[in-house]
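Participant: What follows is a structure written as structure tokens; I'll ask about it next.
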Amino acid sequence: MSTKRVLVAYGTKHGATAGIAERIGETLREDGLDAVVLPADEVHDVRTYDAVVLGGSLYAGHWSSKAKHCVERNADSLRHRPVWMFSSGPLDRSAEEHDIPPVAAVAREMQLVGAREHITFGGSITAHTPGFLAGGLTRQGKGGDFRNPERIRKWAHHISAELVTA
């Protein structure tokens, strides 16, 4: 039996979602899968992958256009393989406290390709995040890194378990 090849693609603005994608990729590799992590705007063909994990950052309730376009560009191929989606964005602990359903755009993309599930992880805005809005939030004490590495790893292990038993 050959090792399953998994694409972990992400759309990010300032890198926090990329960090989540990297952690997912690392965990899948630890579990024995061949995981490749790429920016969503660099993904033009998913046919060489057995499964896809696709994530996007959330800004003002909108999912990353890079992630959205990746889904639409590859929709026909994505329908024929297992797909999981994630979002990152809440700048608080709410993603830890309860399930946050996908925003409308993500729900539409999930339906378009028959994605298995979606999860929302906390986001990150720190003093090093570029942009006027990020600077304002951190000055107001509303910034921080709300990504939970253990929750990310747990979800990635869940994906591995599903792929190994499939």
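Ordered as shown in the structure tokens, chains take letters A, B, and onward, while each chain numbers its residues from 1 and ligands are numbered from 1 in the order shown.
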Quick one: residues within 12 Å of stretch 89-104 of chain A, only C-alpha atoms, excluding same-chain residues fewer than 6 positions away - as a PyMOL selection string?
Facilitator: chain A and resi 11-17+20+55-64+68+110-111+115+117-126+134+137-138+141-152
Participant: Can you pull out the residues contacting stretch 72-77 of chain A? Cut-off 12 Å, using only C-alpha atoms, and skip same-chain residues under 2 positions away; I want them as a PyMOL selection string.
Facilitator: chain A and resi 9+40-52+54+65-70+79-83+105-106+108-115
Participant: Of the candidates A:Ile24, A:Thr165, A:Ala18, A:Lys154, which one gets nearest to A:Ser88 if we count only C-alpha atoms?
Facilitator: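 Answer, going by the shortest atom-to-atom distance: A:Ala18.
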